[in-house]
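Enquirer: Below you'll find coords-v6.cif; it's mmCIF, C-alpha atoms.
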data_model
#
loop_
_atom_site.label_atom_id
_atom_site.label_comp_id
_atom_site.auth_asym_id
_atom_site.auth_seq_id
_atom_site.Cartn_x
_atom_site.Cartn_y
_atom_site.Cartn_z
CA ARG A 27 198.04 136.39 85.89
CA PHE A 28 194.74 136.40 84.03
CA ALA A 29 191.79 137.12 86.29
CA ILE A 30 189.01 134.72 85.29
CA LYS A 31 186.27 136.08 87.59
CA PRO A 32 185.69 139.31 85.58
CA GLY A 33 185.41 137.22 82.42
CA VAL A 34 182.88 134.88 84.02
CA PHE A 35 180.99 137.92 85.31
CA ALA A 36 180.86 139.47 81.83
CA LEU A 37 179.76 136.16 80.27
CA SER A 38 177.05 135.87 82.92
CA LEU A 39 175.65 139.26 81.91
CA LEU A 40 175.62 138.34 78.24
CA PRO A 41 172.20 136.57 78.38
CA ALA A 42 170.57 139.77 79.63
CA PHE A 43 171.88 141.75 76.69
CA LEU A 44 171.11 138.97 74.24
CA SER A 45 167.53 138.68 75.55
CA VAL A 46 166.87 142.35 74.87
CA TRP A 47 168.74 142.26 71.55
CA ASP A 48 166.86 139.17 70.38
CA ALA A 49 163.48 140.60 71.38
CA LEU A 50 164.18 143.84 69.55
CA GLN A 51 165.71 142.26 66.43
CA HIS A 52 163.16 139.53 65.85
CA ARG A 53 160.27 141.75 66.89
CA PRO A 54 157.96 139.10 68.28
CA SER A 55 154.35 140.15 68.87
CA ASN A 56 155.22 140.80 72.51
CA PRO A 57 158.96 141.45 72.96
CA TYR A 58 158.56 141.82 76.72
CA ASP A 59 157.08 138.34 77.00
CA ALA A 60 160.17 137.02 75.21
CA ILE A 61 162.38 138.82 77.74
CA VAL A 62 160.30 137.48 80.65
CA ARG A 63 160.66 133.92 79.37
CA SER A 64 164.36 134.26 78.62
CA THR A 65 165.27 135.75 82.01
CA GLY A 66 163.22 133.07 83.76
CA TYR A 67 165.08 130.31 81.94
CA TRP A 68 168.42 131.98 82.70
CA SER A 69 167.54 132.24 86.36
CA LEU A 70 166.88 128.50 86.43
CA ARG A 71 170.07 127.77 84.48
CA PHE A 72 172.18 129.78 86.91
CA LEU A 73 170.47 128.12 89.86
CA CYS A 74 171.34 124.71 88.37
CA LEU A 75 174.92 125.86 87.74
CA THR A 76 175.14 126.98 91.36
CA LEU A 77 173.93 123.62 92.62
CA GLY A 78 176.17 121.74 90.22
CA ILE A 79 179.42 123.38 91.28
CA THR A 80 179.90 121.34 94.48
CA PRO A 81 179.39 117.88 92.92
CA LEU A 82 181.49 118.88 89.91
CA ARG A 83 184.22 120.02 92.27
CA TRP A 84 184.09 116.66 94.08
CA LEU A 85 184.21 114.69 90.83
CA THR A 86 186.95 116.67 89.13
CA LYS A 87 188.96 117.66 92.24
CA TRP A 88 189.04 121.15 90.70
CA HIS A 89 188.48 123.00 93.97
CA ALA A 90 188.92 126.44 92.37
CA LEU A 91 185.34 126.09 91.05
CA ILE A 92 184.01 127.00 94.49
CA ARG A 93 185.07 130.61 93.88
CA PHE A 94 182.29 130.91 91.28
CA ARG A 95 179.41 129.42 93.27
CA ARG A 96 178.43 132.67 94.98
CA MET A 97 178.56 134.59 91.70
CA MET A 98 176.37 131.99 89.95
CA GLY A 99 173.87 132.11 92.82
CA LEU A 100 173.71 135.89 92.67
CA PHE A 101 173.14 135.73 88.91
CA ALA A 102 170.31 133.24 89.51
CA PHE A 103 168.75 135.81 91.83
CA PHE A 104 169.49 138.67 89.41
CA TYR A 105 167.79 136.95 86.48
CA GLY A 106 164.87 135.92 88.71
CA ALA A 107 164.41 139.51 89.89
CA VAL A 108 164.60 140.81 86.31
CA HIS A 109 162.11 138.10 85.30
CA VAL A 110 159.59 139.29 87.89
CA GLY A 111 160.36 142.98 87.30
CA VAL A 112 159.85 142.83 83.53
CA TYR A 113 156.64 140.83 84.00
CA PHE A 114 155.32 143.33 86.53
CA VAL A 115 156.21 146.47 84.58
CA PHE A 116 155.31 145.36 81.07
CA ASP A 117 152.46 142.97 81.78
CA ARG A 118 150.73 144.11 84.94
CA ILE A 119 151.37 147.89 84.88
CA ALA A 120 150.76 148.01 81.12
CA ALA A 121 147.38 146.32 81.70
CA VAL A 122 146.17 149.06 84.05
CA GLY A 123 143.62 151.13 82.18
CA ASP A 124 144.35 154.87 82.03
CA ALA A 125 147.74 154.31 83.64
CA ALA A 126 149.00 157.49 81.98
CA HIS A 127 146.30 159.51 83.76
CA LEU A 128 146.52 157.86 87.18
CA PRO A 129 148.94 158.81 89.95
CA PRO A 130 151.93 156.40 89.91
CA LEU A 131 151.10 154.99 93.35
CA VAL A 132 147.55 154.12 92.24
CA THR A 133 148.88 152.48 89.07
CA VAL A 134 151.35 150.38 91.07
CA ALA A 135 148.64 149.46 93.60
CA GLN A 136 146.27 148.33 90.85
CA ALA A 137 149.03 146.39 89.11
CA THR A 138 150.03 144.74 92.40
CA TRP A 139 146.41 143.75 93.05
CA ALA A 140 146.12 142.27 89.53
CA ALA A 141 149.40 140.36 90.00
CA SER A 142 148.17 139.06 93.37
CA LEU A 143 144.99 137.76 91.76
CA GLU A 144 147.03 136.08 89.05
CA VAL A 145 149.17 134.37 91.70
CA VAL A 146 145.99 132.95 93.25
CA GLU A 147 144.44 131.94 89.91
CA ARG A 148 147.61 130.40 88.45
CA PRO A 149 149.40 128.27 91.04
CA PHE A 150 152.64 128.10 89.07
CA PHE A 151 152.92 131.89 89.55
CA ALA A 152 152.70 131.35 93.31
CA ILE A 153 155.40 128.69 93.14
CA GLY A 154 157.64 131.02 91.14
CA PHE A 155 157.06 133.75 93.70
CA VAL A 156 158.03 131.35 96.48
CA ALA A 157 161.23 130.49 94.59
CA LEU A 158 162.18 134.16 94.33
CA VAL A 159 161.31 134.86 97.97
CA LEU A 160 163.54 131.95 99.03
CA LEU A 161 166.41 133.41 97.00
CA VAL A 162 166.15 136.87 98.62
CA PRO A 163 167.75 135.94 101.98
CA LEU A 164 170.40 133.92 100.14
CA ALA A 165 171.38 136.91 98.01
CA ALA A 166 171.20 139.25 101.01
CA THR A 167 173.51 137.06 103.09
CA SER A 168 175.99 136.11 100.38
CA THR A 169 178.80 138.39 101.54
CA VAL A 170 181.76 137.38 103.65
CA GLY A 171 180.67 139.93 106.25
CA MET A 172 177.25 138.29 106.57
CA ILE A 173 178.85 134.87 106.96
CA ARG A 174 180.93 136.24 109.84
CA LEU A 175 177.94 138.08 111.34
CA MET A 176 175.64 135.05 111.22
CA GLY A 177 178.26 132.46 112.02
CA GLY A 178 179.16 129.70 109.61
CA HIS A 179 176.70 127.13 110.94
CA ARG A 180 173.62 129.40 110.84
CA TRP A 181 174.70 130.71 107.43
CA ARG A 182 174.95 127.15 106.02
CA VAL A 183 171.54 126.24 107.46
CA LEU A 184 169.97 129.32 105.86
CA HIS A 185 171.65 128.63 102.53
CA ARG A 186 170.06 125.21 102.36
CA LEU A 187 167.00 127.15 101.19
CA VAL A 188 168.61 126.87 97.76
CA TYR A 189 167.21 123.34 97.46
CA PRO A 190 163.50 124.19 97.91
CA ALA A 191 164.10 127.32 95.78
CA ALA A 192 165.46 125.13 92.98
CA ILE A 193 162.55 122.70 93.23
CA ALA A 194 160.05 125.57 93.19
CA SER A 195 161.86 127.13 90.24
CA VAL A 196 161.72 123.90 88.23
CA LEU A 197 158.00 123.50 89.02
CA HIS A 198 157.33 127.13 88.07
CA THR A 199 159.15 126.68 84.77
CA TYR A 200 157.75 123.34 83.64
CA TRP A 201 154.22 123.28 85.09
CA PRO A 202 152.79 125.66 82.45
CA LEU A 203 154.50 123.64 79.71
CA SER A 204 152.69 120.49 80.89
CA LEU A 205 149.39 122.39 80.65
CA GLN A 206 150.06 123.16 76.99
CA ALA A 207 150.69 119.53 76.04
#
Output the file's structure as structure tokens, nothing else.

Expert:
Amino acid sequence: RFAIKPGVFALSLLPAFLSVWDALQHRPSNPYDAIVRSTGYWSLRFLCLTLGITPLRWLTKWHALIRFRRMMGLFAFFYGAVHVGVYFVFDRIAAVGDAAHLPPLVTVAQATWAASLEVVERPFFAIGFVALVLLVPLAATSTVGMIRLMGGHRWRVLHRLVYPAAIASVLHTYWPLSLQA
């Protein structure tokens, strides 16, 4: 019997590799910005896939789809975490003057302060941060053991945070595009 989950897992990792490959091959002026954008879009795509599995299952009666919902949600979190991580390392830490001569903790502190100011100055950053923060407890409690530990009802209530996370993610993604128009 062919195991489909490993194939779906491998396909879900493909955008990460393609983002890096594309940024390095096409050599945009800022390859890290291209990776930040790409991982952000993929996070949103996986979040939409996660939310779409239940209605698609209802419409098609293909109940086996439910086996992929957790994986899609974890990939949404993964790409969101990479999105924030690449932004922080290559935008905020790189912007710290004399970073090579400062102790690492000072560099990280200065970069964190600069990122905090940017969150205040650019509200769509704050909304994106809220989206990621809402996804953290969902990713942390996505195991069968956590479902048992929390109890099914409390677990389902917590996992309804996916809806405000999705709304915040859409706002974070499209708000800056409306400012450019």

Enquirer: What's the separation between CA of Met98 (chain A) and CA of Leu73 (chain A), in Å to one decimal place?

Expert: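 Straight-line distance from CA of Met98 (chain A) to CA of Leu73 (chain A) works out to 7.1 Å.
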
Enquirer: Under the rule that all atoms listed in the file are counted, which of A:Ser38, A:Thr76, A:Ser168, A:Gln136 is the nearest residue to Ala191 (chain A)?

Expert: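 Closest to Ala191 (chain A), using all atoms listed in the file: A:Thr76.
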
Enquirer: Which one is closest to Leu161 (chain A): A:Ala90, A:Leu187, A:Val134, A:Leu77? Count only C-alpha atoms.

Expert: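 Using only C-alpha atoms, the shortest distance to Leu161 (chain A) belongs to A:Leu187.
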
Enquirer: Can you give me, as number ranges by chain, the residues this file yields under the PyMOL selection byres ((chain A and resi 42-47) around 8)?

Expert: A: 39-41, 48-51, 60-61, 64-65, 105

Enquirer: By how many Å are CA of Arg180 (chain A) and CA of Cys74 (chain A) apart?

Expert: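 CA of Cys74 (chain A) lies 23.1 Å from CA of Arg180 (chain A).
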
Enquirer: Quick one: of A:Leu82, A:Ala194, A:Val159, A:Leu91, who's nearest to Ala107 (chain A), counting only C-alpha atoms?

Expert: A:Val159

Enquirer: Written as a list in words, what is the full residue list that the PyMOL selection byres ((chain A and resi 166) around 12) yields on the file shown?

Expert: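 With the PyMOL selection byres ((chain A and resi 166) around 12) on this model, the match is Arg96, Gly99, Leu100, Phe103, Phe104, Val159, Leu160, Leu161, Val162, Pro163, Leu164, Ala165, Thr167, Ser168, Thr169, Val170, Gly171, Met172, Ile173, Met176, Trp181, Leu184 and His185 of chain A.
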
Enquirer: Taking all atoms listed in the file into account, which of A:Phe94, A:Trp139, A:Ser55, A:His109 comes nearest Ala121 (chain A)?

Expert: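 The shortest atom-to-atom distance to Ala121 (chain A) comes from A:Trp139.
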
Enquirer: At what distance in Å, to one decimal, does CA of Leu158 (chain A) lie from CA of Ala102 (chain A)?

Expert: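 These two atoms are separated by 9.5 Å.
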
Enquirer: Which residues would end up in the selection if the PyMOL selection byres ((chain A and resi 69) around 6) were applied here, given that I need the answer as an MDAnalysis selection string?

Expert: chainID A and resid 66:68 70:72 102 105:106

Enquirer: From the options A:His89, A:His127, A:His52, A:His198, which residue's atoms come nearest to Ala152 (chain A), counting only C-alpha atoms?

Expert: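 Checking each of A:His89, A:His127, A:His52, A:His198 against Ala152 (chain A), counting only C-alpha atoms, the winner is A:His198.
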
Enquirer: Looking at all atoms listed in the file, which of A:Arg118, A:Pro129, A:Val156, A:Ala36 is the one that sits closest to Leu143 (chain A)?

Expert: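 With all atoms listed in the file as the atom set, the closest residue is A:Arg118.
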
Enquirer: Kindly write region 30-66 of chain A with N, CA and C atoms to a file, as a PDB file, in the first residue's frame.

Expert:
ATOM      1  N   ILE A  30       0.635   7.843   1.386  1.00  0.00           N
ATOM      2  CA  ILE A  30       0.501   9.159   0.762  1.00  0.00           C
ATOM      3  C   ILE A  30       1.029  10.285   1.665  1.00  0.00           C
ATOM      4  N   LYS A  31       0.978  10.090   2.980  1.00  0.00           N
ATOM      5  CA  LYS A  31       1.394  11.159   3.895  1.00  0.00           C
ATOM      6  C   LYS A  31       2.850  11.593   3.683  1.00  0.00           C
ATOM      7  N   PRO A  32       3.808  10.659   3.534  1.00  0.00           N
ATOM      8  CA  PRO A  32       5.189  11.119   3.280  1.00  0.00           C
ATOM      9  C   PRO A  32       5.310  11.919   1.985  1.00  0.00           C
ATOM     10  N   GLY A  33       4.536  11.546   0.974  1.00  0.00           N
ATOM     11  CA  GLY A  33       4.561  12.302  -0.271  1.00  0.00           C
ATOM     12  C   GLY A  33       4.009  13.705  -0.093  1.00  0.00           C
ATOM     13  N   VAL A  34       2.917  13.824   0.648  1.00  0.00           N
ATOM     14  CA  VAL A  34       2.332  15.142   0.918  1.00  0.00           C
ATOM     15  C   VAL A  34       3.304  15.978   1.754  1.00  0.00           C
ATOM     16  N   PHE A  35       3.970  15.327   2.707  1.00  0.00           N
ATOM     17  CA  PHE A  35       4.964  16.015   3.532  1.00  0.00           C
ATOM     18  C   PHE A  35       6.095  16.567   2.657  1.00  0.00           C
ATOM     19  N   ALA A  36       6.625  15.725   1.776  1.00  0.00           N
ATOM     20  CA  ALA A  36       7.714  16.156   0.894  1.00  0.00           C
ATOM     21  C   ALA A  36       7.261  17.290  -0.027  1.00  0.00           C
ATOM     22  N   LEU A  37       6.063  17.181  -0.583  1.00  0.00           N
ATOM     23  CA  LEU A  37       5.539  18.255  -1.433  1.00  0.00           C
ATOM     24  C   LEU A  37       5.354  19.554  -0.648  1.00  0.00           C
ATOM     25  N   SER A  38       5.001  19.424   0.617  1.00  0.00           N
ATOM     26  CA  SER A  38       4.800  20.610   1.454  1.00  0.00           C
ATOM     27  C   SER A  38       6.115  21.309   1.785  1.00  0.00           C
ATOM     28  N   LEU A  39       7.208  20.579   1.765  1.00  0.00           N
ATOM     29  CA  LEU A  39       8.524  21.186   1.984  1.00  0.00           C
ATOM     30  C   LEU A  39       9.086  21.825   0.716  1.00  0.00           C
ATOM     31  N   LEU A  40       8.582  21.413  -0.419  1.00  0.00           N
ATOM     32  CA  LEU A  40       9.090  21.903  -1.693  1.00  0.00           C
ATOM     33  C   LEU A  40       9.102  23.434  -1.807  1.00  0.00           C
ATOM     34  N   PRO A  41       8.062  24.151  -1.360  1.00  0.00           N
ATOM     35  CA  PRO A  41       8.115  25.622  -1.465  1.00  0.00           C
ATOM     36  C   PRO A  41       9.297  26.246  -0.725  1.00  0.00           C
ATOM     37  N   ALA A  42       9.709  25.652   0.384  1.00  0.00           N
ATOM     38  CA  ALA A  42      10.857  26.201   1.121  1.00  0.00           C
ATOM     39  C   ALA A  42      12.117  26.113   0.263  1.00  0.00           C
ATOM     40  N   PHE A  43      12.324  24.953  -0.329  1.00  0.00           N
ATOM     41  CA  PHE A  43      13.502  24.781  -1.176  1.00  0.00           C
ATOM     42  C   PHE A  43      13.425  25.646  -2.430  1.00  0.00           C
ATOM     43  N   LEU A  44      12.240  25.724  -3.014  1.00  0.00           N
ATOM     44  CA  LEU A  44      12.075  26.539  -4.211  1.00  0.00           C
ATOM     45  C   LEU A  44      12.249  28.026  -3.918  1.00  0.00           C
ATOM     46  N   SER A  45      11.841  28.469  -2.742  1.00  0.00           N
ATOM     47  CA  SER A  45      12.022  29.880  -2.363  1.00  0.00           C
ATOM     48  C   SER A  45      13.498  30.241  -2.327  1.00  0.00           C
ATOM     49  N   VAL A  46      14.278  29.397  -1.694  1.00  0.00           N
ATOM     50  CA  VAL A  46      15.726  29.643  -1.603  1.00  0.00           C
ATOM     51  C   VAL A  46      16.354  29.531  -2.986  1.00  0.00           C
ATOM     52  N   TRP A  47      16.000  28.490  -3.716  1.00  0.00           N
ATOM     53  CA  TRP A  47      16.541  28.277  -5.061  1.00  0.00           C
ATOM     54  C   TRP A  47      16.230  29.472  -5.958  1.00  0.00           C
ATOM     55  N   ASP A  48      14.983  29.906  -5.953  1.00  0.00           N
ATOM     56  CA  ASP A  48      14.563  31.017  -6.797  1.00  0.00           C
ATOM     57  C   ASP A  48      15.308  32.303  -6.422  1.00  0.00           C
ATOM     58  N   ALA A  49      15.439  32.555  -5.134  1.00  0.00           N
ATOM     59  CA  ALA A  49      16.137  33.767  -4.693  1.00  0.00           C
ATOM     60  C   ALA A  49      17.607  33.743  -5.108  1.00  0.00           C
ATOM     61  N   LEU A  50      18.214  32.583  -5.051  1.00  0.00           N
ATOM     62  CA  LEU A  50      19.631  32.478  -5.413  1.00  0.00           C
ATOM     63  C   LEU A  50      19.841  32.474  -6.926  1.00  0.00           C
ATOM     64  N   GLN A  51      18.932  31.880  -7.675  1.00  0.00           N
ATOM     65  CA  GLN A  51      19.082  31.795  -9.134  1.00  0.00           C
ATOM     66  C   GLN A  51      18.785  33.117  -9.831  1.00  0.00           C
ATOM     67  N   HIS A  52      17.731  33.779  -9.403  1.00  0.00           N
ATOM     68  CA  HIS A  52      17.340  35.022 -10.067  1.00  0.00           C
ATOM     69  C   HIS A  52      18.050  36.235  -9.499  1.00  0.00           C
ATOM     70  N   ARG A  53      18.712  36.039  -8.390  1.00  0.00           N
ATOM     71  CA  ARG A  53      19.525  37.080  -7.755  1.00  0.00           C
ATOM     72  C   ARG A  53      18.838  38.446  -7.722  1.00  0.00           C
ATOM     73  N   PRO A  54      17.681  38.505  -7.045  1.00  0.00           N
ATOM     74  CA  PRO A  54      17.052  39.821  -6.903  1.00  0.00           C
ATOM     75  C   PRO A  54      17.949  40.723  -6.051  1.00  0.00           C
ATOM     76  N   SER A  55      17.646  42.004  -6.021  1.00  0.00           N
ATOM     77  CA  SER A  55      18.487  42.933  -5.261  1.00  0.00           C
ATOM     78  C   SER A  55      18.573  42.538  -3.792  1.00  0.00           C
ATOM     79  N   ASN A  56      17.510  41.971  -3.254  1.00  0.00           N
ATOM     80  CA  ASN A  56      17.518  41.497  -1.875  1.00  0.00           C
ATOM     81  C   ASN A  56      16.901  40.093  -1.849  1.00  0.00           C
ATOM     82  N   PRO A  57      17.763  39.048  -1.965  1.00  0.00           N
ATOM     83  CA  PRO A  57      17.199  37.686  -2.018  1.00  0.00           C
ATOM     84  C   PRO A  57      16.457  37.300  -0.748  1.00  0.00           C
ATOM     85  N   TYR A  58      16.840  37.875   0.383  1.00  0.00           N
ATOM     86  CA  TYR A  58      16.187  37.524   1.640  1.00  0.00           C
ATOM     87  C   TYR A  58      14.771  38.075   1.683  1.00  0.00           C
ATOM     88  N   ASP A  59      14.570  39.248   1.087  1.00  0.00           N
ATOM     89  CA  ASP A  59      13.228  39.809   1.016  1.00  0.00           C
ATOM     90  C   ASP A  59      12.321  38.897   0.186  1.00  0.00           C
ATOM     91  N   ALA A  60      12.873  38.336  -0.888  1.00  0.00           N
ATOM     92  CA  ALA A  60      12.100  37.407  -1.718  1.00  0.00           C
ATOM     93  C   ALA A  60      11.715  36.170  -0.910  1.00  0.00           C
ATOM     94  N   ILE A  61      12.618  35.679  -0.075  1.00  0.00           N
ATOM     95  CA  ILE A  61      12.327  34.516   0.758  1.00  0.00           C
ATOM     96  C   ILE A  61      11.293  34.871   1.820  1.00  0.00           C
ATOM     97  N   VAL A  62      11.408  36.065   2.405  1.00  0.00           N
ATOM     98  CA  VAL A  62      10.425  36.507   3.403  1.00  0.00           C
ATOM     99  C   VAL A  62       9.034  36.541   2.775  1.00  0.00           C
ATOM    100  N   ARG A  63       8.927  37.145   1.609  1.00  0.00           N
ATOM    101  CA  ARG A  63       7.620  37.240   0.941  1.00  0.00           C
ATOM    102  C   ARG A  63       7.076  35.855   0.596  1.00  0.00           C
ATOM    103  N   SER A  64       7.920  35.029   0.020  1.00  0.00           N
ATOM    104  CA  SER A  64       7.483  33.699  -0.400  1.00  0.00           C
ATOM    105  C   SER A  64       7.003  32.852   0.780  1.00  0.00           C
ATOM    106  N   THR A  65       7.761  32.848   1.869  1.00  0.00           N
ATOM    107  CA  THR A  65       7.362  32.036   3.026  1.00  0.00           C
ATOM    108  C   THR A  65       6.095  32.590   3.666  1.00  0.00           C
ATOM    109  N   GLY A  66       5.918  33.897   3.624  1.00  0.00           N
ATOM    110  CA  GLY A  66       4.680  34.483   4.141  1.00  0.00           C
ATOM    111  C   GLY A  66       3.471  34.039   3.332  1.00  0.00           C
TER     112      GLY A  66
END
